[in-house]
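A.B. asks: Here it is, the structure, as structure tokens.
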2 protein chains.
Amino acid sequence: MEFDLVELIRRRCEIAREDVRLGIGDDAALLAVPSGQLLAMSTDTLVSGVHFPQATSAHAIGWKALAVNLSDLAAMGATPAWATLALTLPSADRAWVSDFADGFAALAQEFKLALVGGDTTQGPLCVTVTIIGFVPDGAALVRSGARTGDAIFVTGTLGDAAGGLRLSSGALRDDIGATVAASVSESVRGALIERLQRPRPRIAQGLLLRGRATACIDVSDGLLADLGHIGAAGRVGAEIDAESLPASSALLSAFDAPTRQRLQLGGGDDYELCFTANDDDADVLLGDLARSGCGATRIGRIVAEPGVRVRDRQGTEIVVAHSGWQHFS
Amino acid sequence: MEFDLVELIRRRCEIAREDVRLGIGDDAALLAVPSGQLLAMSTDTLVSGVHFPQATSAHAIGWKALAVNLSDLAAMGATPAWATLALTLPSADRAWVSDFADGFAALAQEFKLALVGGDTTQGPLCVTVTIIGFVPDGAALVRSGARTGDAIFVTGTLGDAAGGLRLSSGALRDDIGATVAASVSESVRGALIERLQRPRPRIAQGLLLRGRATACIDVSDGLLADLGHIGAAGRVGAEIDAESLPASSALLSAFDAPTRQRLQLGGGDDYELCFTANDDDADVLLGDLARSGCGATRIGRIVAEPGVRVRDRQGTEIVVAHSGWQHFS
């Protein structure tokens, strides 16, 4: 049975890559690495009821399992190449696996990523993807390069996924005290849930940031938490202008202003890129990003004092109760 | 909490490798591949209650999670380099994780393998390791090269892990109708359970087989099942001499002859290497393997007719009821 399920997924992910010398079907895949390139390697697990509501469709789970890993490569400025998939399932449900494979393959095809290994096992639903990409030696975007005076930017909009989670049926938990607008239209609800279920990895934007961003991370745990990682890695601090945080029209219509701000600062799962760069070069960079299909917004600045602080329009510090997704909290 | 657990494991696996340019702590690790080498990449998951009894110690789980992946590299003739670890745990139990890390690190240290990525998540116990090794271009041991007339060999002894499973408290299930000797001594029981819990990956033996074995696989699902994979990949068949199967003294003392044979043919989890080679070169090869610390035994031959058949001393075919571990059976 194991072989059938892996085979079913493999066929949906048929991508011709000359660097895959031997794909799925032996004890290991054999892969050739272009000279001058480093590998960027990362792994992420999604667990049912923890990382997605149990009612989530197999298609969305397949998409998201790959998307969160692609997002890690985007945050390194790497080009996706290969992935392995470890899928633990309660039972060998062919229709479920087929739907999952379609979601996974949609992103794999888009980014020309080859599935080179798989293991299906029986147990509570759990998906682990390990991904590898290429980045030229010296060009990777690391977390540690932010310097005092750098501007802080974020791609796309923030808070949509966290908003979508609060609007999902069977939401995991309301850890952020969200207040939902009295009437949220189905199209707004659908747009936010789509952002939660099918995040867009910012691969093209990560490539544009090579040699230009001083530090970069993807927003998976929440802006404050992830910016905290950049601060800790670079031994600097950050100040955020609360009013500058980019919000989608869907988020604006679904939540009141205080709730929206909490979702944007503390809610995770957006998979946008948060990066720092010299402010003098920002206009050209922002223009390039806008032309790439996903613009970015200046949201604050790196400061010497450690910690992440949020300021309102008047420059007064706002105290934020929730600073991001806590595992095992 | 996630970072603490990963950090705890990382510290136990501190192995200096110059090819790890950036280890755990950023969005992805950055890794340099030696020129002329292909990557061998594989992934395997262990689920509690499926791949090990729930009472198994954390140390044994950590060991085995890495051992089964190292075994895949051994079967390719690859040298271990890096691994990622995805650990799903019911709760953040520091003592359990510490014990798990010790088991994992013991093998990582022995094979100079660097842990380069990790993700800890909350959920039912499940461990996925993805491993990468190096093999010179053209030197990998694949499954598909067996030719009619080749001899079939296996390293070490067979059936010990399956015997240990039947002697474990809380054994998963008795799918093989095992009959245990009336009195099994504690040392025999301990030896067999040790083989189940802490398999030895045959890395050194895989390296010796480069350029000499025509096909190779590790015995994870059971000899008949795994030899079936070699047969299918090479479009050949196999004949096994039942009397030639190597057995440990512990296995001989714990089970009667018919049970032992079923354990050796159908029981999985031995992680020995099953390989084929030209019989003319066998004596030198067997001598080299014996000197490596783990000898091998000739157990049969490759034939043109597809399928795997087992013959007794008189050459009569034996019908075997169980042909290996069936996932989702």
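Following the order of the structure tokens, chains are lettered A, B, ..., residues in each are numbered from 1, and ligands are numbered from 1.
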Name the residues in contact with Ile318 of chain A at a cut-off of 12 Å, using only C-alpha atoms, excluding same-chain residues fewer than 6 positions from it; report them as a VMD selection string.
C.D. replies: chain A and resid 239 to 243 258 261 to 262 265 308 to 312
A.B. asks: Print the selection's residues with N, CA, C and O atoms to a file, as a compact mmCIF listing (two decimals), in the first residue's frame.
C.D. replies:
```
# COMPACT_ATOMS: atom_id res chain seq x y z
N GLU A 239 11.69 49.00 15.89
CA GLU A 239 10.51 49.80 16.19
C GLU A 239 9.56 49.73 15.01
O GLU A 239 9.97 49.94 13.87
N ILE A 240 8.30 49.44 15.34
CA ILE A 240 7.28 49.27 14.31
C ILE A 240 6.30 50.44 14.43
O ILE A 240 5.87 50.78 15.53
N ASP A 241 5.93 51.00 13.28
CA ASP A 241 4.86 52.01 13.25
C ASP A 241 3.55 51.29 13.03
O ASP A 241 3.29 50.79 11.92
N ALA A 242 2.72 51.25 14.07
CA ALA A 242 1.49 50.46 13.99
C ALA A 242 0.62 50.87 12.81
O ALA A 242 -0.01 50.03 12.16
N GLU A 243 0.61 52.15 12.53
CA GLU A 243 -0.28 52.64 11.46
C GLU A 243 0.19 52.24 10.07
O GLU A 243 -0.57 52.33 9.10
N PRO A 258 -8.72 47.71 16.58
CA PRO A 258 -7.84 47.09 17.59
C PRO A 258 -7.61 45.60 17.31
O PRO A 258 -6.49 45.10 17.47
N GLN A 261 -5.22 45.16 14.38
CA GLN A 261 -3.83 45.40 14.76
C GLN A 261 -3.23 44.19 15.51
O GLN A 261 -2.09 43.82 15.28
N ARG A 262 -4.03 43.57 16.37
CA ARG A 262 -3.53 42.38 17.07
C ARG A 262 -3.26 41.24 16.08
O ARG A 262 -2.27 40.52 16.20
N LEU A 265 -0.01 42.07 14.15
CA LEU A 265 1.23 42.03 14.93
C LEU A 265 1.52 40.64 15.48
O LEU A 265 2.68 40.21 15.54
N VAL A 308 11.47 44.45 20.52
CA VAL A 308 10.62 44.97 19.45
C VAL A 308 9.55 45.84 20.10
O VAL A 308 8.83 45.39 20.99
N ARG A 309 9.47 47.09 19.67
CA ARG A 309 8.46 48.00 20.20
C ARG A 309 7.55 48.49 19.08
O ARG A 309 7.99 48.65 17.94
N VAL A 310 6.29 48.70 19.46
CA VAL A 310 5.29 49.17 18.49
C VAL A 310 4.86 50.57 18.92
O VAL A 310 4.56 50.80 20.10
N ARG A 311 4.82 51.51 17.97
CA ARG A 311 4.45 52.89 18.30
C ARG A 311 3.21 53.31 17.50
O ARG A 311 3.05 52.91 16.34
N ASP A 312 2.38 54.12 18.15
CA ASP A 312 1.19 54.62 17.44
C ASP A 312 1.57 55.88 16.66
O ASP A 312 2.73 56.28 16.61
```
A.B. asks: Taking only C-alpha atoms into account, find every residue of chain A that has an atom no more than 6 Å from chain B, and write it out as an MDAnalysis selection string.
C.D. replies: chainID A and resid 1:2 27:32 38:42 44 72 117 119 327
A.B. asks: Go ahead and save the residues from that selection, with all heavy atoms, as a compact mmCIF listing (two decimals), in the first residue's frame.
C.D. replies:
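Dumped to out_3.txt:
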```
# COMPACT_ATOMS: atom_id res chain seq x y z
N MET A 1 0.83 -1.21 0.00
CA MET A 1 0.00 0.00 0.00
C MET A 1 0.86 1.25 0.00
O MET A 1 0.60 2.20 -0.71
CB MET A 1 -0.93 -0.02 1.23
CG MET A 1 -1.96 1.10 1.20
SD MET A 1 -3.05 1.00 -0.23
CE MET A 1 -4.47 0.18 0.49
N GLU A 2 1.93 1.22 0.79
CA GLU A 2 2.80 2.39 0.85
C GLU A 2 3.24 2.83 -0.54
O GLU A 2 3.17 3.99 -0.90
CB GLU A 2 4.04 2.08 1.69
CG GLU A 2 4.98 3.25 1.76
CD GLU A 2 6.30 2.90 2.41
OE1 GLU A 2 6.51 1.74 2.79
OE2 GLU A 2 7.11 3.81 2.55
N ASP A 27 16.43 3.04 -2.53
CA ASP A 27 16.59 3.33 -1.11
C ASP A 27 16.78 4.82 -0.85
O ASP A 27 16.49 5.32 0.23
CB ASP A 27 17.77 2.54 -0.53
CG ASP A 27 17.46 1.05 -0.50
OD1 ASP A 27 16.54 0.66 0.23
OD2 ASP A 27 18.12 0.29 -1.23
N ALA A 28 17.30 5.53 -1.85
CA ALA A 28 17.47 6.98 -1.74
C ALA A 28 17.45 7.56 -3.14
O ALA A 28 17.71 6.85 -4.12
CB ALA A 28 18.80 7.31 -1.04
N ALA A 29 17.12 8.82 -3.25
CA ALA A 29 17.24 9.52 -4.53
C ALA A 29 18.69 9.90 -4.75
O ALA A 29 19.46 10.06 -3.80
CB ALA A 29 16.36 10.76 -4.52
N LEU A 30 19.09 10.04 -6.02
CA LEU A 30 20.44 10.52 -6.36
C LEU A 30 20.30 11.85 -7.07
O LEU A 30 19.61 11.96 -8.08
CB LEU A 30 21.16 9.50 -7.24
CG LEU A 30 21.48 8.16 -6.56
CD1 LEU A 30 22.06 7.18 -7.57
CD2 LEU A 30 22.45 8.37 -5.39
N LEU A 31 20.99 12.87 -6.55
CA LEU A 31 20.77 14.24 -6.98
C LEU A 31 22.10 14.93 -7.27
O LEU A 31 23.06 14.78 -6.50
CB LEU A 31 20.04 15.01 -5.87
CG LEU A 31 18.77 14.32 -5.34
CD1 LEU A 31 18.33 14.93 -4.03
CD2 LEU A 31 17.67 14.42 -6.38
N ALA A 32 22.14 15.69 -8.35
CA ALA A 32 23.36 16.40 -8.74
C ALA A 32 23.19 17.89 -8.43
O ALA A 32 22.18 18.50 -8.76
CB ALA A 32 23.62 16.20 -10.23
N LEU A 38 25.31 26.69 -3.07
CA LEU A 38 25.09 26.03 -1.79
C LEU A 38 23.68 25.47 -1.79
O LEU A 38 22.80 25.93 -2.51
CB LEU A 38 25.24 27.02 -0.64
CG LEU A 38 26.61 27.65 -0.41
CD1 LEU A 38 26.55 28.55 0.83
CD2 LEU A 38 27.68 26.58 -0.26
N LEU A 39 23.48 24.44 -0.95
CA LEU A 39 22.13 23.96 -0.71
C LEU A 39 21.52 24.75 0.44
O LEU A 39 22.18 25.00 1.45
CB LEU A 39 22.14 22.48 -0.29
CG LEU A 39 22.74 21.48 -1.28
CD1 LEU A 39 22.63 20.08 -0.68
CD2 LEU A 39 22.02 21.55 -2.61
N ALA A 40 20.25 25.11 0.29
CA ALA A 40 19.46 25.62 1.41
C ALA A 40 18.47 24.52 1.76
O ALA A 40 17.73 24.06 0.89
CB ALA A 40 18.74 26.90 1.04
N MET A 41 18.49 24.05 3.01
CA MET A 41 17.68 22.88 3.40
C MET A 41 16.87 23.20 4.64
O MET A 41 17.39 23.75 5.61
CB MET A 41 18.62 21.70 3.68
CG MET A 41 17.91 20.41 4.05
SD MET A 41 19.13 19.05 4.25
CE MET A 41 18.04 17.63 4.45
N SER A 42 15.60 22.82 4.61
CA SER A 42 14.72 23.13 5.72
C SER A 42 13.65 22.06 5.85
O SER A 42 13.36 21.34 4.90
CB SER A 42 14.06 24.49 5.47
OG SER A 42 13.25 24.85 6.56
N ASP A 44 9.63 21.25 7.77
CA ASP A 44 8.49 21.74 8.54
C ASP A 44 7.40 20.68 8.57
O ASP A 44 7.14 20.02 7.58
CB ASP A 44 7.91 23.02 7.91
CG ASP A 44 8.49 24.27 8.55
OD1 ASP A 44 8.43 24.38 9.78
OD2 ASP A 44 9.00 25.13 7.81
N ASP A 72 10.31 29.05 3.52
CA ASP A 72 11.63 29.07 4.16
C ASP A 72 12.73 29.31 3.13
O ASP A 72 13.71 30.01 3.40
CB ASP A 72 11.88 27.75 4.91
CG ASP A 72 11.17 27.70 6.25
OD1 ASP A 72 11.10 28.75 6.92
OD2 ASP A 72 10.69 26.62 6.62
N GLY A 117 11.50 11.89 -2.75
CA GLY A 117 11.44 10.85 -1.73
C GLY A 117 10.13 10.93 -0.98
O GLY A 117 9.54 12.00 -0.88
N ASP A 119 7.55 8.79 2.23
CA ASP A 119 7.26 7.70 3.15
C ASP A 119 5.83 7.91 3.63
O ASP A 119 5.51 8.98 4.14
CB ASP A 119 8.23 7.71 4.34
CG ASP A 119 8.13 6.45 5.18
OD1 ASP A 119 7.58 5.45 4.68
OD2 ASP A 119 8.58 6.45 6.33
N HIS A 327 4.52 27.47 20.54
CA HIS A 327 4.38 26.03 20.48
C HIS A 327 4.31 25.48 21.90
O HIS A 327 5.00 25.96 22.78
CB HIS A 327 5.56 25.42 19.73
CG HIS A 327 5.66 25.92 18.34
ND1 HIS A 327 5.11 25.27 17.27
CD2 HIS A 327 6.20 27.06 17.85
CE1 HIS A 327 5.35 25.97 16.18
NE2 HIS A 327 6.01 27.05 16.50
```
A.B. asks: According to DSSP computed on the backbone, where in segment 59-267 of chain A is there helix (DSSP H, G or I)? Give the residues as an MDAnalysis selection string.
C.D. replies: chainID A and resid 59:76 94:110 160:167 186:197 203:209 223:234 242:244 249:254 257:266
A.B. asks: Write out as a count of residues only which residues come within 7 Å of segment 152-164 of chain B when counting only C-alpha atoms, dropping same-chain ones fewer than 5 positions away.
C.D. replies: 30
A.B. asks: Could you write out, as a PyMOL selection string, all the residues of segment 16-239 of chain A that DSSP marks as strand (DSSP E)?
C.D. replies: chain A and resi 20-22+29-31+37-47+79-89+114-122+126-136+151-155+215-218+237-239
A.B. asks: Between atom CA of Val303 of chain A and atom CA of Gly228 of chain A, what is the distance, to one decimal in Å?
C.D. replies: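 Between atom CA of Val303 of chain A and atom CA of Gly228 of chain A the gap works out to 12.3 Å.
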A.B. asks: Considering only C-alpha atoms, return as a PyMOL selection string whatever protein or nucleic-acid residues lie within 8 Å of segment 287-292 of chain A, sequence-local ones (same chain, fewer than 6 positions apart) excluded.
C.D. replies: chain A and resi 204-205+208
A.B. asks: Mind giving me the straight-line distance from atom CA of Arg11 of chain A to atom CA of Gly231 of chain B in Å, one decimal?
C.D. replies: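 A separation of 22.5 Å between them.
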A.B. asks: If you count only C-alpha atoms, which residues fall within 6 Å of Ala146 of chain B, apart from same-chain ones fewer than 6 positions away, as a PyMOL selection string?
C.D. replies: chain B and resi 214-215+234
